[in-house]
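One file, target.cif, is given below (mmCIF, C-alpha atoms).
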data_input
#
loop_
_atom_site.label_atom_id
_atom_site.label_comp_id
_atom_site.auth_asym_id
_atom_site.auth_seq_id
_atom_site.Cartn_x
_atom_site.Cartn_y
_atom_site.Cartn_z
CA MET A 1217 -67.68 38.96 35.64
CA GLN A 1218 -68.46 42.15 33.70
CA PRO A 1219 -70.45 41.80 30.43
CA ILE A 1220 -67.45 42.91 28.35
CA GLN A 1221 -65.22 40.34 30.09
CA TRP A 1222 -67.81 37.62 29.53
CA THR A 1223 -68.08 38.53 25.83
CA GLN A 1224 -64.30 38.61 25.41
CA ASN A 1225 -63.88 35.26 27.19
CA ALA A 1226 -66.70 33.66 25.18
CA CYS A 1227 -65.18 34.92 21.92
CA LEU A 1228 -61.73 33.63 22.91
CA LEU A 1229 -63.25 30.24 23.78
CA ALA A 1230 -65.13 30.06 20.46
CA GLY A 1231 -62.00 31.16 18.57
CA ARG A 1232 -59.85 28.58 20.36
CA PHE A 1233 -62.40 25.88 19.56
CA LEU A 1234 -62.51 26.76 15.85
CA LEU A 1235 -58.73 27.14 15.57
CA GLY A 1236 -58.22 23.85 17.38
CA LEU A 1237 -60.60 22.04 15.04
CA TYR A 1238 -58.84 23.63 12.07
CA PHE A 1239 -55.73 21.65 13.05
CA ILE A 1240 -57.24 18.49 14.58
CA LEU A 1241 -59.42 17.55 11.59
CA PRO A 1242 -56.59 17.73 9.00
CA GLY A 1243 -54.35 15.86 11.45
CA ILE A 1244 -56.88 13.02 11.55
CA SER A 1245 -57.29 13.07 7.76
CA LYS A 1246 -53.52 12.74 7.41
CA ILE A 1247 -53.75 9.51 9.41
CA THR A 1248 -56.65 8.10 7.40
CA GLY A 1249 -55.06 9.14 4.10
CA TYR A 1250 -51.44 8.67 5.12
CA GLU A 1251 -50.05 7.38 1.83
CA ALA A 1252 -51.85 10.00 -0.27
CA THR A 1253 -50.67 12.76 2.09
CA ALA A 1254 -47.08 11.51 1.91
CA ALA A 1255 -47.24 11.47 -1.91
CA TYR A 1256 -48.73 14.97 -1.97
CA MET A 1257 -45.98 16.26 0.31
CA ALA A 1258 -43.34 14.64 -1.90
CA GLU A 1259 -44.89 16.29 -4.99
CA HIS A 1260 -44.39 19.64 -3.24
CA HIS A 1261 -40.73 18.85 -2.51
CA VAL A 1262 -41.16 18.65 1.26
CA PRO A 1263 -37.93 17.18 2.64
CA MET A 1264 -37.88 14.13 4.93
CA VAL A 1265 -41.56 13.27 4.43
CA ALA A 1266 -41.16 10.03 6.43
CA VAL A 1267 -40.13 12.11 9.47
CA LEU A 1268 -42.12 15.31 8.96
CA LEU A 1269 -45.51 13.74 8.25
CA PRO A 1270 -45.77 11.93 11.62
CA ILE A 1271 -44.46 15.04 13.39
CA THR A 1272 -47.05 17.17 11.61
CA ILE A 1273 -49.83 14.78 12.61
CA ILE A 1274 -48.75 14.80 16.25
CA LEU A 1275 -48.44 18.59 16.31
CA GLN A 1276 -51.74 19.22 14.56
CA ILE A 1277 -53.74 16.91 16.82
CA GLY A 1278 -51.85 17.61 20.04
CA LEU A 1279 -51.56 21.37 19.71
CA GLY A 1280 -55.09 21.60 18.32
CA ALA A 1281 -56.37 19.90 21.47
CA THR A 1282 -54.30 22.12 23.78
CA MET A 1283 -55.63 25.15 21.87
CA ILE A 1284 -59.23 24.08 22.51
CA VAL A 1285 -58.78 23.59 26.27
CA GLY A 1286 -56.62 26.69 26.58
CA PHE A 1287 -53.51 25.05 28.01
CA GLN A 1288 -50.28 26.97 27.38
CA GLY A 1289 -52.32 29.03 24.93
CA ARG A 1290 -49.68 31.56 23.97
CA LEU A 1291 -47.00 28.94 23.31
CA THR A 1292 -49.47 26.69 21.48
CA ALA A 1293 -50.63 29.54 19.24
CA PHE A 1294 -47.03 30.57 18.52
CA LEU A 1295 -46.05 27.02 17.53
CA LEU A 1296 -49.13 26.58 15.36
CA ALA A 1297 -48.51 29.95 13.66
CA GLY A 1298 -44.95 28.93 12.82
CA MET A 1299 -46.08 25.54 11.55
CA THR A 1300 -48.81 27.15 9.43
CA ILE A 1301 -46.31 29.50 7.79
CA VAL A 1302 -43.89 26.66 6.99
CA ILE A 1303 -46.64 24.41 5.64
CA SER A 1304 -48.00 27.25 3.52
CA MET A 1305 -44.58 27.95 2.01
CA TYR A 1306 -44.26 24.34 0.83
CA MET A 1307 -47.81 23.25 0.14
CA HIS A 1308 -49.37 26.43 -1.27
CA ASN A 1309 -46.47 27.82 -3.30
CA PHE A 1310 -48.64 29.63 -5.85
CA TRP A 1311 -45.68 31.77 -6.97
CA ASP A 1312 -44.14 28.71 -8.65
CA MET A 1313 -47.24 27.94 -10.72
CA ALA A 1314 -48.42 29.08 -14.12
CA GLU A 1315 -51.52 31.25 -14.33
CA GLY A 1316 -54.71 29.24 -14.10
CA THR A 1317 -57.16 27.54 -11.78
CA GLU A 1318 -54.56 25.69 -9.73
CA ARG A 1319 -52.57 28.87 -9.08
CA ALA A 1320 -55.74 30.73 -8.08
CA HIS A 1321 -56.69 27.88 -5.74
CA GLU A 1322 -53.25 27.78 -4.09
CA THR A 1323 -53.18 31.58 -3.79
CA GLN A 1324 -56.50 31.44 -1.96
CA ASN A 1325 -55.25 28.65 0.33
CA PHE A 1326 -52.01 30.51 1.06
CA PHE A 1327 -53.76 33.71 2.09
CA LYS A 1328 -56.44 31.79 4.01
CA ASN A 1329 -53.60 30.26 6.01
CA MET A 1330 -52.10 33.72 6.56
CA GLY A 1331 -55.50 34.73 8.00
CA ILE A 1332 -55.37 31.70 10.31
CA THR A 1333 -51.84 32.76 11.27
CA ALA A 1334 -53.16 36.25 12.08
CA GLY A 1335 -55.74 34.71 14.41
CA LEU A 1336 -53.05 32.60 16.06
CA LEU A 1337 -50.82 35.63 16.55
CA THR A 1338 -53.79 37.40 18.15
CA MET A 1339 -54.01 34.45 20.56
CA VAL A 1340 -50.28 34.84 21.28
CA SER A 1341 -51.00 38.43 22.26
CA LEU A 1342 -54.26 37.94 24.20
CA GLY A 1343 -53.70 34.52 25.74
CA SER A 1344 -56.38 31.89 26.26
CA GLY A 1345 -58.88 34.01 28.16
CA GLY A 1346 -60.83 33.38 31.32
CA LEU A 1347 -62.52 30.17 30.13
CA SER A 1348 -59.32 28.14 29.87
CA LEU A 1349 -57.03 25.79 31.72
CA ASP A 1350 -54.41 28.54 31.76
CA ASN A 1351 -56.79 30.74 33.77
CA TRP A 1352 -57.84 27.86 36.03
CA PHE A 1353 -54.21 27.02 36.86
CA SER A 1354 -53.43 30.70 37.42
CA ASN A 1355 -56.36 31.10 39.82
CA ARG A 1356 -55.36 27.93 41.64
CA ARG A 1357 -51.75 29.13 42.06
CA ASN A 1358 -53.00 32.46 43.36
CA ALA A 1359 -55.32 30.75 45.84
CA ASP A 1360 -52.52 28.45 47.00
CA ALA A 1361 -50.25 31.47 47.51
CA LEU A 1362 -52.82 33.03 49.81
CA THR A 1363 -53.05 29.98 52.07
#
Any chance you could give the structure as structure tokens?
Amino acid sequence: MQPIQWTQNACLLAGRFLLGLYFILPGISKITGYEATAAYMAEHHVPMVAVLLPITIILQIGLGATMIVGFQGRLTAFLLAGMTIVISMYMHNFWDMAEGTERAHETQNFFKNMGITAGLLTMVSLGSGGLSLDNWFSNRRNADALT
């Protein structure tokens, strides 16, 4: 492996790990603080909280884990990007708030999430990299095709 390839693969692995944790940890906190999370979602006018909260938990933990191991990386990143945009539109709707500390806080959270979305879209473009299950399965298929 060339030094540039090693660096790129190591950076993709580190990025996948951090992005995965970014979703797994809030997914777990939604379980431990389920009632408070449901109330917070209702305050932000999220429809069907009883259905969407469990789905969000499953997606955050499940897709976060698949992001870390690099399985179906492009699809995982695309789904997480879409989910992040939808969550941001409901939960960080700074445009509906009066000037002040809360609006500034939600503006910061909204644009932080857009930065996370940018990273996810980069993963959609680049894939999981060489240090991933996607690469392992691809190499295995190629080896099987040669035999």
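Closest approach to Gly1343 of chain A among A:His1260, A:Arg1319, A:Arg1290, A:Arg1232: A:Arg1290, based on all atoms listed in the file.
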**OP:** Please evaluate the PyMOL selection byres ((chain A and resi 1270-1272) around 10) against the structure above and give the resulting residues as a PyMOL selection string.
**Re:** chain A and resi 1239+1242-1243+1246-1247+1250+1254+1265-1269+1273-1278+1299+1303
Original post:
Can you tell me how far atom CA of Val1340 of chain A sits from atom CA of Ala1226 of chain A, in Å to one decimal?
Top reply: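 Computing it gives 16.9 Å between the two atoms.
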Subject >> Of the listed residues A:Gln1218, A:Asn1225, A:Ser1344, A:Asn1355, that which approaches Gly1289 of chain A most closely, counting only C-alpha atoms >> reply: A:Ser1344
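Between Ser1354 of chain A and the candidates A:Ile1332, A:Val1302, A:Phe1287, A:Phe1310, the tightest atom-to-atom separation, counting all atoms listed in the file, involves A:Phe1287.
Shortest separation to Met1305 of chain A among A:Ala1334, A:Val1262, A:Ala1255, A:Leu1347 occurs at residue A:Val1262, atoms counted being only C-alpha atoms.
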